[in-house]
file target.txt (compact mmCIF, C-alpha atoms and all ligand atoms)
# COMPACT_ATOMS: atom_id res chain seq x y z
CA MET A 14 0.00 0.00 0.00
CA SER A 15 3.01 2.27 0.20
CA ILE A 16 5.11 2.94 -2.89
CA PHE A 17 8.02 3.91 -0.60
CA LEU A 18 8.01 0.59 1.30
CA ASP A 19 7.34 -1.38 -1.89
CA CYS A 20 10.39 0.17 -3.52
CA ILE A 21 12.57 -0.58 -0.47
CA ASN A 22 11.27 -4.15 -0.39
CA GLY A 23 12.21 -4.72 -4.02
CA LYS A 24 8.66 -4.81 -5.40
CA ASP A 25 7.86 -3.34 -8.81
CA VAL A 26 7.00 0.33 -8.71
CA ASN A 27 6.13 2.45 -11.74
CA ARG A 28 7.87 5.61 -10.54
CA PRO A 29 10.39 6.64 -7.88
CA PRO A 30 8.90 7.34 -4.46
CA VAL A 31 9.61 10.92 -3.38
CA TRP A 32 10.25 12.71 -0.08
CA LEU A 33 12.75 15.45 0.82
CA MET A 34 15.24 15.86 3.64
CA ARG A 35 14.04 18.67 5.96
CA GLN A 36 10.68 18.62 4.19
CA ALA A 37 9.26 20.23 7.34
CA GLY A 38 11.13 23.47 7.71
CA ARG A 39 11.42 27.20 7.40
CA TYR A 40 10.62 27.38 3.66
CA MET A 41 7.00 26.63 4.72
CA LYS A 42 4.86 29.37 6.29
CA GLU A 43 2.83 26.68 8.10
CA TYR A 44 6.04 25.48 9.81
CA LYS A 45 7.03 29.00 10.83
CA GLU A 46 3.60 29.60 12.35
CA THR A 47 3.70 26.41 14.44
CA ARG A 48 7.29 27.08 15.47
CA LYS A 49 6.27 30.53 16.67
CA ARG A 50 3.51 28.95 18.77
CA ALA A 51 6.08 26.53 20.27
CA GLY A 52 8.33 29.46 21.25
CA SER A 53 11.63 27.89 20.24
CA PHE A 54 13.01 25.11 18.07
CA LEU A 55 13.75 22.86 21.06
CA ASN A 56 10.26 23.42 22.51
CA LEU A 57 8.87 22.38 19.14
CA CYS A 58 10.94 19.17 19.17
CA TYR A 59 9.78 18.31 22.70
CA ASN A 60 6.12 19.22 22.16
CA SER A 61 4.68 15.98 20.75
CA GLU A 62 1.43 17.50 19.40
CA LEU A 63 3.18 20.37 17.63
CA ALA A 64 6.03 18.15 16.38
CA ALA A 65 3.43 15.78 14.90
CA GLU A 66 1.65 18.76 13.35
CA VAL A 67 4.76 20.00 11.50
CA THR A 68 5.61 16.45 10.39
CA ILE A 69 2.23 16.21 8.67
CA GLN A 70 2.20 19.71 7.11
CA PRO A 71 4.39 18.84 4.09
CA ILE A 72 2.52 15.56 3.56
CA GLU A 73 -0.77 17.43 3.25
CA LYS A 74 0.64 20.29 1.22
CA PHE A 75 2.80 18.39 -1.28
CA GLY A 76 1.79 14.71 -1.12
CA PHE A 77 5.18 13.17 -0.29
CA ASP A 78 5.37 9.36 -0.18
CA ALA A 79 6.98 9.25 3.29
CA ALA A 80 6.96 11.37 6.45
CA ILE A 81 10.01 11.99 8.62
CA LEU A 82 9.60 12.39 12.34
CA PHE A 83 10.12 16.00 13.38
CA ALA A 84 12.96 16.10 15.90
CA ASP A 85 16.70 16.75 15.72
CA ILE A 86 19.81 14.56 15.80
CA LEU A 87 21.15 16.61 18.73
CA LEU A 88 18.31 15.73 21.15
CA ILE A 89 20.16 12.56 22.15
CA LEU A 90 23.11 14.67 23.33
CA ASP A 91 20.68 16.78 25.35
CA ALA A 92 19.41 13.51 26.89
CA LEU A 93 23.00 12.47 27.66
CA GLY A 94 23.38 15.61 29.72
CA VAL A 95 25.10 17.93 27.23
CA LYS A 96 23.57 21.39 27.20
CA VAL A 97 22.14 22.02 23.70
CA ASP A 98 20.90 25.34 22.41
CA PHE A 99 19.74 26.48 18.97
CA VAL A 100 20.73 30.06 18.36
CA GLU A 101 18.64 32.00 15.84
CA GLY A 102 20.66 32.54 12.68
CA LEU A 103 23.67 30.57 13.98
CA GLY A 104 22.44 27.00 14.44
CA PRO A 105 23.23 24.61 17.27
CA ARG A 106 25.54 25.57 20.14
CA LEU A 107 26.50 22.97 22.75
CA GLU A 108 28.59 22.88 25.89
CA PRO A 109 31.45 20.80 24.45
CA ILE A 110 33.66 18.34 26.31
CA LYS A 111 36.85 20.25 27.17
CA LYS A 112 38.70 17.77 29.34
CA ILE A 113 38.87 14.06 28.67
CA ASP A 114 37.53 13.05 32.08
CA GLU A 115 34.32 14.97 31.37
CA ILE A 116 33.27 11.88 29.38
CA ASN A 117 32.45 10.42 32.80
CA ASN A 118 29.79 13.08 33.34
CA LEU A 119 27.67 11.81 30.44
CA ILE A 120 24.41 10.22 31.53
CA ASN A 121 24.19 6.42 31.20
CA PRO A 122 22.79 5.49 27.74
CA HIS A 123 20.07 3.42 29.45
CA ASP A 124 18.78 6.51 31.21
CA ILE A 125 18.06 8.77 28.22
CA HIS A 126 14.43 7.80 27.76
CA GLU A 127 12.77 10.07 30.28
CA LYS A 128 14.05 13.11 28.42
CA LEU A 129 13.31 11.58 24.99
CA ASN A 130 9.83 10.35 25.86
CA PRO A 131 8.14 13.25 24.02
CA VAL A 132 9.87 12.07 20.80
CA TYR A 133 8.44 8.54 21.20
CA ASN A 134 5.10 10.14 21.90
CA THR A 135 5.32 12.13 18.65
CA VAL A 136 5.86 8.83 16.81
CA SER A 137 2.76 7.32 18.45
CA ILE A 138 0.62 10.33 17.53
CA LEU A 139 1.88 10.22 13.95
CA LYS A 140 1.12 6.52 13.59
CA LYS A 141 -2.49 7.32 14.37
CA SER A 142 -2.78 10.42 12.22
CA LEU A 143 -0.72 9.81 9.07
CA PRO A 144 -2.51 8.46 5.98
CA SER A 145 -2.10 4.67 5.85
CA ASP A 146 -0.03 4.84 2.64
CA VAL A 147 2.52 7.26 4.15
CA PRO A 148 5.13 5.44 6.28
CA LEU A 149 7.01 7.19 9.04
CA ILE A 150 10.80 7.50 9.01
CA GLY A 151 12.44 7.64 12.44
CA PHE A 152 16.08 8.75 12.64
CA ALA A 153 19.23 9.39 14.59
CA GLY A 154 22.60 10.99 13.98
CA ALA A 155 25.51 8.60 13.48
CA PRO A 156 28.04 8.39 16.37
CA TRP A 157 30.78 10.26 14.47
CA THR A 158 28.52 13.21 13.62
CA LEU A 159 27.22 13.34 17.21
CA ALA A 160 30.82 13.19 18.46
CA THR A 161 31.75 16.21 16.32
CA TYR A 162 29.06 18.28 18.06
CA LEU A 163 30.04 16.88 21.46
CA ILE A 164 33.69 17.87 20.91
CA ASN A 165 33.35 20.99 18.71
CA GLY A 166 30.24 22.39 20.40
CA LYS A 167 28.93 23.32 16.94
CA GLY A 168 29.17 22.39 13.29
CA GLU A 169 32.70 23.11 12.08
CA PRO A 170 34.00 22.87 8.49
CA GLY A 171 36.31 19.88 8.27
CA SER A 172 35.41 18.90 11.88
CA VAL A 173 39.02 19.74 12.69
CA THR A 174 38.60 19.85 16.48
CA ALA A 175 37.00 16.38 16.62
CA LYS A 176 39.56 14.96 14.18
CA LYS A 177 42.46 16.27 16.27
CA PHE A 178 40.81 14.80 19.37
CA LEU A 179 40.38 11.35 17.83
CA LEU A 180 43.94 11.24 16.48
CA SER A 181 45.44 12.38 19.79
CA ASN A 182 43.19 10.34 22.11
CA PRO A 183 42.08 7.23 20.19
CA ILE A 184 41.20 5.22 23.30
CA GLU A 185 39.07 7.95 24.83
CA PHE A 186 37.51 8.67 21.45
CA GLU A 187 36.56 5.01 21.12
CA ARG A 188 34.83 5.29 24.48
CA ILE A 189 32.85 8.30 23.25
CA ILE A 190 31.86 6.44 20.07
CA ASN A 191 30.78 3.44 22.17
CA ILE A 192 28.61 5.53 24.48
CA LEU A 193 26.99 7.28 21.50
CA THR A 194 26.48 3.95 19.72
CA GLU A 195 24.78 2.40 22.75
CA ALA A 196 22.58 5.44 23.28
CA THR A 197 21.60 5.44 19.60
CA ILE A 198 20.62 1.76 19.70
CA GLU A 199 18.43 2.47 22.75
CA TYR A 200 16.90 5.54 21.11
CA LEU A 201 16.09 3.86 17.79
CA LEU A 202 14.66 0.73 19.44
CA MET A 203 12.19 2.98 21.27
CA GLN A 204 11.26 4.83 18.07
CA ILE A 205 10.56 1.50 16.37
CA LYS A 206 8.56 0.28 19.35
CA ALA A 207 6.48 3.46 19.14
CA GLY A 208 5.77 2.79 15.45
CA ALA A 209 8.55 4.09 13.15
CA ASP A 210 8.42 2.10 9.88
CA VAL A 211 11.88 2.91 8.52
CA ILE A 212 15.04 4.27 10.18
CA LYS A 213 17.49 6.74 8.70
CA ILE A 214 20.99 7.34 10.10
CA PHE A 215 22.50 10.72 9.30
CA ASP A 216 26.30 10.88 9.23
CA SER A 217 26.29 14.47 8.06
CA TRP A 218 29.96 15.14 8.84
CA ALA A 219 31.37 11.81 7.60
CA GLY A 220 32.97 13.72 4.71
CA ALA A 221 35.44 15.29 7.13
CA LEU A 222 37.07 11.90 7.74
CA ASN A 223 39.92 10.49 5.64
CA ALA A 224 39.07 7.23 3.87
CA ASP A 225 40.58 4.90 6.49
CA MET A 226 38.91 6.88 9.27
CA VAL A 227 35.56 6.63 7.45
CA LEU A 228 35.66 2.86 7.87
CA THR A 229 36.60 2.97 11.56
CA TYR A 230 34.50 5.87 12.78
CA SER A 231 31.58 6.14 10.36
CA LEU A 232 30.92 2.74 8.80
CA ASN A 233 31.74 0.47 11.76
CA PRO A 234 29.56 2.12 14.42
CA ILE A 235 26.67 2.39 11.93
CA LYS A 236 27.07 -1.32 11.12
CA ARG A 237 26.92 -2.13 14.82
CA ILE A 238 23.76 -0.07 15.33
CA VAL A 239 22.00 -1.67 12.37
CA SER A 240 23.07 -5.20 13.37
CA GLU A 241 21.92 -4.80 16.96
CA ILE A 242 18.55 -3.40 15.93
CA LYS A 243 17.99 -6.00 13.22
CA LYS A 244 18.48 -8.72 15.85
CA LYS A 245 15.26 -7.50 17.43
CA TYR A 246 13.52 -6.10 14.34
CA PRO A 247 14.92 -8.00 11.33
CA LYS A 248 12.46 -6.41 8.90
CA ILE A 249 12.98 -2.75 9.76
CA PRO A 250 14.62 -1.02 6.76
CA PHE A 251 17.60 1.30 7.25
CA ILE A 252 18.58 4.27 5.13
CA VAL A 253 22.22 5.22 5.71
CA PHE A 254 23.53 8.68 4.76
CA PRO A 255 27.31 9.03 5.01
CA ARG A 256 27.35 12.52 3.54
CA GLY A 257 30.46 13.54 1.65
CA VAL A 258 32.40 10.27 1.80
CA SER A 259 33.20 10.28 -1.91
CA THR A 260 34.42 6.95 -3.34
CA THR A 261 34.19 5.25 0.08
CA TYR A 262 30.44 5.18 -0.62
CA SER A 263 31.31 1.92 -2.38
CA TYR A 264 32.18 0.30 1.00
CA PHE A 265 28.75 1.23 2.32
CA SER A 266 27.12 -0.32 -0.76
CA GLU A 267 28.70 -3.68 0.17
CA ILE A 268 26.92 -3.91 3.53
CA ASN A 269 23.94 -6.22 3.12
CA LYS A 270 22.26 -5.05 6.30
CA PHE A 271 21.80 -1.53 4.92
CA ASP A 272 18.68 -1.27 2.78
CA VAL A 273 19.09 2.14 1.19
CA LEU A 274 22.12 4.35 0.65
CA ALA A 275 21.40 8.08 0.57
CA VAL A 276 23.76 9.82 -1.87
CA ASP A 277 24.87 13.44 -1.65
CA GLN A 278 24.95 15.89 -4.56
CA PHE A 279 28.75 15.87 -4.91
CA LEU A 280 28.98 12.32 -6.21
CA ASP A 281 29.19 11.81 -9.95
CA ARG A 282 25.85 10.39 -11.04
CA HIS A 283 27.46 8.25 -13.72
CA TRP A 284 29.69 6.68 -11.03
CA ILE A 285 26.64 6.13 -8.80
CA SER A 286 24.78 4.35 -11.58
CA GLN A 287 27.79 2.18 -12.42
CA LYS A 288 29.19 1.38 -8.97
CA ILE A 289 26.43 1.82 -6.40
CA GLN A 290 23.06 1.17 -8.00
CA PRO A 291 23.84 -2.42 -9.07
CA LYS A 292 24.55 -3.19 -5.40
CA LYS A 293 22.22 -0.99 -3.42
CA LEU A 294 18.96 0.92 -3.69
CA ILE A 295 19.82 4.62 -3.62
CA GLN A 296 18.08 7.76 -2.46
CA GLY A 297 19.07 11.22 -3.67
CA ASN A 298 20.73 13.33 -5.03
CA LEU A 299 19.29 16.63 -6.31
CA ASP A 300 21.32 19.62 -5.13
CA PRO A 301 18.93 21.57 -2.84
CA ILE A 302 20.05 24.82 -4.49
CA PHE A 303 17.85 23.98 -7.49
CA LEU A 304 14.75 24.49 -5.32
CA THR A 305 15.74 28.14 -4.90
CA LEU A 306 16.06 28.92 -8.64
CA ASN A 307 13.70 29.41 -11.59
CA LYS A 308 11.36 26.51 -12.21
CA ASP A 309 12.74 25.77 -15.70
CA ILE A 310 16.28 25.38 -14.29
CA LEU A 311 14.90 22.97 -11.68
CA LEU A 312 12.96 20.94 -14.26
CA LYS A 313 16.03 20.54 -16.42
CA GLU A 314 18.05 19.22 -13.47
CA LEU A 315 15.22 16.84 -12.51
CA GLU A 316 15.51 15.42 -15.99
CA ASN A 317 19.27 14.94 -15.45
CA VAL A 318 18.82 13.18 -12.09
CA VAL A 319 16.03 10.90 -13.26
CA GLY A 320 17.83 10.21 -16.56
CA SER A 321 20.99 9.13 -14.70
CA PHE A 322 19.30 6.84 -12.17
CA LYS A 323 16.34 5.34 -14.05
CA LYS A 324 18.05 2.09 -15.13
CA TYR A 325 17.40 0.86 -11.57
CA PRO A 326 14.64 1.61 -9.06
CA PHE A 327 15.56 4.56 -6.83
CA ILE A 328 14.04 6.87 -4.23
CA PHE A 329 13.94 10.50 -5.26
CA ASN A 330 15.34 12.94 -2.71
CA LEU A 331 17.85 15.77 -2.33
CA GLY A 332 21.59 15.44 -1.72
CA HIS A 333 21.11 17.35 1.55
CA GLY A 334 18.32 19.19 3.41
CA ILE A 335 16.02 21.83 1.90
CA THR A 336 17.18 25.36 2.63
CA PRO A 337 14.88 28.09 4.05
CA ASP A 338 15.02 29.96 0.70
CA ALA A 339 13.53 27.04 -1.28
CA LYS A 340 10.44 28.07 -3.26
CA VAL A 341 7.18 26.37 -2.36
CA GLU A 342 6.08 26.33 -6.02
CA ASN A 343 9.31 24.49 -6.90
CA VAL A 344 8.64 21.79 -4.29
CA LYS A 345 5.14 21.41 -5.77
CA ALA A 346 6.56 21.17 -9.30
CA LEU A 347 9.15 18.62 -8.18
CA VAL A 348 6.59 16.27 -6.61
CA GLU A 349 4.33 16.65 -9.66
CA TYR A 350 7.24 15.85 -12.00
CA ILE A 351 8.25 12.71 -10.11
CA LYS A 352 4.67 11.47 -9.76
CA GLU A 353 4.18 11.74 -13.53
CA ILE A 354 7.12 9.46 -14.32
CA ASN A 355 6.13 6.09 -15.73
CA MET A 356 9.00 3.62 -15.69
O1 LIG B 401 11.91 17.44 8.06
C1 LIG B 401 12.87 16.77 8.50
O2 LIG B 401 13.82 16.41 7.79
C2 LIG B 401 12.82 16.25 9.93
C3 LIG B 401 13.45 16.98 10.96
C4 LIG B 401 14.95 17.15 11.06
C5 LIG B 401 15.53 18.35 11.53
N1 LIG B 401 16.86 18.14 11.69
C6 LIG B 401 14.79 19.58 11.83
C7 LIG B 401 15.51 20.86 11.92
C8 LIG B 401 15.99 16.24 10.85
C9 LIG B 401 15.93 14.84 10.28
C10 LIG B 401 17.19 16.88 11.27
C11 LIG B 401 18.50 16.21 11.28
C12 LIG B 401 19.71 17.00 11.58
N2 LIG B 401 19.86 17.97 12.52
C13 LIG B 401 20.97 16.80 10.97
C14 LIG B 401 21.27 15.74 9.94
C15 LIG B 401 20.85 16.17 8.58
C16 LIG B 401 21.68 17.26 7.98
O3 LIG B 401 21.14 18.34 7.76
O4 LIG B 401 22.89 17.02 7.73
C17 LIG B 401 21.88 17.71 11.54
C18 LIG B 401 23.34 17.86 11.19
C19 LIG B 401 21.17 18.44 12.52
C20 LIG B 401 21.71 19.49 13.43
C21 LIG B 401 21.08 20.79 13.14
N3 LIG B 401 19.77 21.11 13.46
C22 LIG B 401 21.65 21.91 12.50
C23 LIG B 401 23.07 21.98 11.97
C24 LIG B 401 20.67 22.89 12.47
C25 LIG B 401 20.82 24.32 11.99
C26 LIG B 401 20.81 24.40 10.52
C27 LIG B 401 19.72 25.27 10.04
O5 LIG B 401 19.17 24.93 8.98
O6 LIG B 401 19.43 26.27 10.70
C28 LIG B 401 19.49 22.38 13.02
C29 LIG B 401 18.19 23.05 13.17
C30 LIG B 401 17.00 22.41 12.51
N4 LIG B 401 16.71 21.08 12.56
C31 LIG B 401 15.97 23.08 11.81
C32 LIG B 401 15.02 22.12 11.45
C33 LIG B 401 13.72 22.32 10.75
C34 LIG B 401 15.87 24.59 11.60
C35 LIG B 401 15.61 25.18 12.94
C36 LIG B 401 14.58 26.26 13.02
O7 LIG B 401 13.37 26.05 12.76
O8 LIG B 401 15.00 27.34 13.42
call {"tool": "encode", "arguments": {"input": "target.txt", "output": "structure tokens"}}
result
Amino acid sequence: MSIFLDCINGKDVNRPPVWLMRQAGRYMKEYKETRKRAGSFLNLCYNSELAAEVTIQPIEKFGFDAAILFADILLILDALGVKVDFVEGLGPRLEPIKKIDEINNLINPHDIHEKLNPVYNTVSILKKSLPSDVPLIGFAGAPWTLATYLINGKGEPGSVTAKKFLLSNPIEFERIINILTEATIEYLLMQIKAGADVIKIFDSWAGALNADMVLTYSLNPIKRIVSEIKKKYPKIPFIVFPRGVSTTYSYFSEINKFDVLAVDQFLDRHWISQKIQPKKLIQGNLDPIFLTLNKDILLKELENVVGSFKKYPFIFNLGHGITPDAKVENVKALVEYIKEINM
């Protein structure tokens, strides 16, 4: 009954399913109104009714084939006892770990649920209110990306601070990755229990790692998370997004336990179709900038993306999240274009 789940499960579909990263966000006036009512971004994430409301807004407005839980990858750090703030116009600001022994102050991964309960509640509300053909994607940040925020205190180009930390203190860094991995397993199990149909893991800063580090600090912890969860829920599909990892995407395509590989906009589409698509269902990779331009420029690029990927089934999405300056009429045109494809 869902084209998105059918495609993931290898059934025949006559067009790519479509949803967009950050489909609920500031490019929508409905989102901005609800966010204003919530008072702040964090209040919105922790208010289950309002978080469910903004999750559904883009489904009703554009007719996407999947919904993504409204929350943020940094909530789990908040639950681990790291002070998280979202500063208007700047993005996330956290109280980073400054001394190695501060790792001991993190809350036990088993004890994160009280704080995260509103997120599980949002999932339950959504399961009751989403149309039956629109599955719900739950998500978490990958341990490496969470570690960069824990160590840098904010997003940092090249994640230099976290990279220096891991190279200078590999044993302590491993401990951090283990804590974050355990917490993420706990968190995702609860999202699935509450009703999430698919799980996506965002490794947004994986591209800052050198190739050998990608395997150790991005791929391995993600593999562990997926394996542990599939022991309990063997059928739950996983979308893995190691953003920016270039040719090491091919290592991710070899992992049988991953169901979908989300590809960023910097990868060569010809390479994707030759090296990745024969091995793995992909999702991506329109550059979000096209949603901010004239409609005819967007339509031409849609033709390029679909033309490159259409030899195999694929899930249509962006290479990264929608930006606040995306045009609503472009999002409408995009969904219309994809829904008219007949493969
Ligand atoms: O619609 C959806 O995709 C679901 C909700 C969602 C948000 N963040 C809402 C959000 C999801 C899946 C995320 C994931 C997330 N959060 C990631 C991974 C994906 C990616 O973009 O690489 C990361 C790195 C974060 C951390 C984060 N949260 C940053 C860096 C920022 C600031 C960037 C910005 O656009 O301002 C946020 C804030 C955030 N998360 C917003 C939204 C809608 C904007 C906040 C606002 O309304 O003011």
call {"tool": "residues_around", "arguments": {"input": "target.txt", "residues": "stretch 144-150 of chain A", "least_positions_apart": "6", "cutoff": "7 Å", "atoms": "all atoms listed in the file", "output": "PDB file with C-alpha atoms, keeping the file's coordinate frame"}}
result
ATOM      1  CA  MET A  14       0.000   0.000   0.000  1.00  0.00           C
ATOM      2  CA  SER A  15       3.010   2.270   0.200  1.00  0.00           C
ATOM      3  CA  ASP A  78       5.370   9.360  -0.180  1.00  0.00           C
ATOM      4  CA  ALA A  79       6.980   9.250   3.290  1.00  0.00           C
ATOM      5  CA  ALA A  80       6.960  11.370   6.450  1.00  0.00           C
ATOM      6  CA  ILE A  81      10.010  11.990   8.620  1.00  0.00           C
ATOM      7  CA  LEU A  82       9.600  12.390  12.340  1.00  0.00           C
ATOM      8  CA  ALA A 209       8.550   4.090  13.150  1.00  0.00           C
ATOM      9  CA  ASP A 210       8.420   2.100   9.880  1.00  0.00           C
ATOM     10  CA  VAL A 211      11.880   2.910   8.520  1.00  0.00           C
ATOM     11  CA  ILE A 212      15.040   4.270  10.180  1.00  0.00           C
ATOM     12  CA  LYS A 213      17.490   6.740   8.700  1.00  0.00           C
TER      13      LYS A 213
END
call {"tool": "atom_distance", "arguments": {"input": "target.txt", "atom1": "atom CA of A:Asp277", "atom2": "atom CA of A:Arg28"}}
result
20.7 Å
call {"tool": "atom_distance", "arguments": {"input": "target.txt", "atom1": "atom CA of A:Lys176", "atom2": "atom CA of A:Ala84"}}
result
26.7 Å
call {"tool": "residues_near_ligand", "arguments": {"input": "target.txt", "ligand": "ligand LIG 401 (chain B)", "cutoff": "9 Å", "atoms": "all atoms listed in the file", "output": "PyMOL selection string"}}
result
chain A and resi 33-39+44-45+48+53-55+57-58+67-68+71+80-87+99-105+151-154+158-159+162+167-168+213-218+254+256+333-337
call {"tool": "closest_residue", "arguments": {"input": "target.txt", "among": "A:Ala339, A:Pro131, A:Val227, A:Ala65", "to": "A:Leu143", "atoms": "only C-alpha atoms"}}
result
A:Ala65
call {"tool": "closest_residue", "arguments": {"input": "target.txt", "among": "A:Ala155, A:Leu306, A:Ala196, A:Ile328", "to": "A:Glu342", "atoms": "all atoms listed in the file"}}
result
A:Leu306
call {"tool": "closest_residue", "arguments": {"input": "target.txt", "among": "A:Lys206, A:Lys244, A:Ile116, A:Gly297", "to": "A:Glu185", "atoms": "all atoms listed in the file"}}
result
A:Ile116
call {"tool": "closest_residue", "arguments": {"input": "target.txt", "among": "A:Gln296, A:Ser259, A:Asn317, A:Asn130", "to": "A:Leu88", "atoms": "only C-alpha atoms"}}
result
A:Asn130
call {"tool": "atom_distance", "arguments": {"input": "target.txt", "atom1": "atom CA of A:Ser286", "atom2": "atom CA of A:Asn269"}}
result
18.1 Å
call {"tool": "closest_residue", "arguments": {"input": "target.txt", "among": "A:Ile268, A:Val173, A:Leu274, A:Leu347", "to": "A:Gly332", "atoms": "all atoms listed in the file"}}
result
A:Leu274
call {"tool": "residues_around", "arguments": {"input": "target.txt", "residues": "A:Asn134", "least_positions_apart": "2", "cutoff": "10 Å", "atoms": "all atoms listed in the file", "output": "JSON, numbers by chain"}}
result
{"A": [59, 60, 61, 62, 64, 65, 129, 130, 131, 132, 136, 137, 138, 139, 140, 204, 207, 208]}
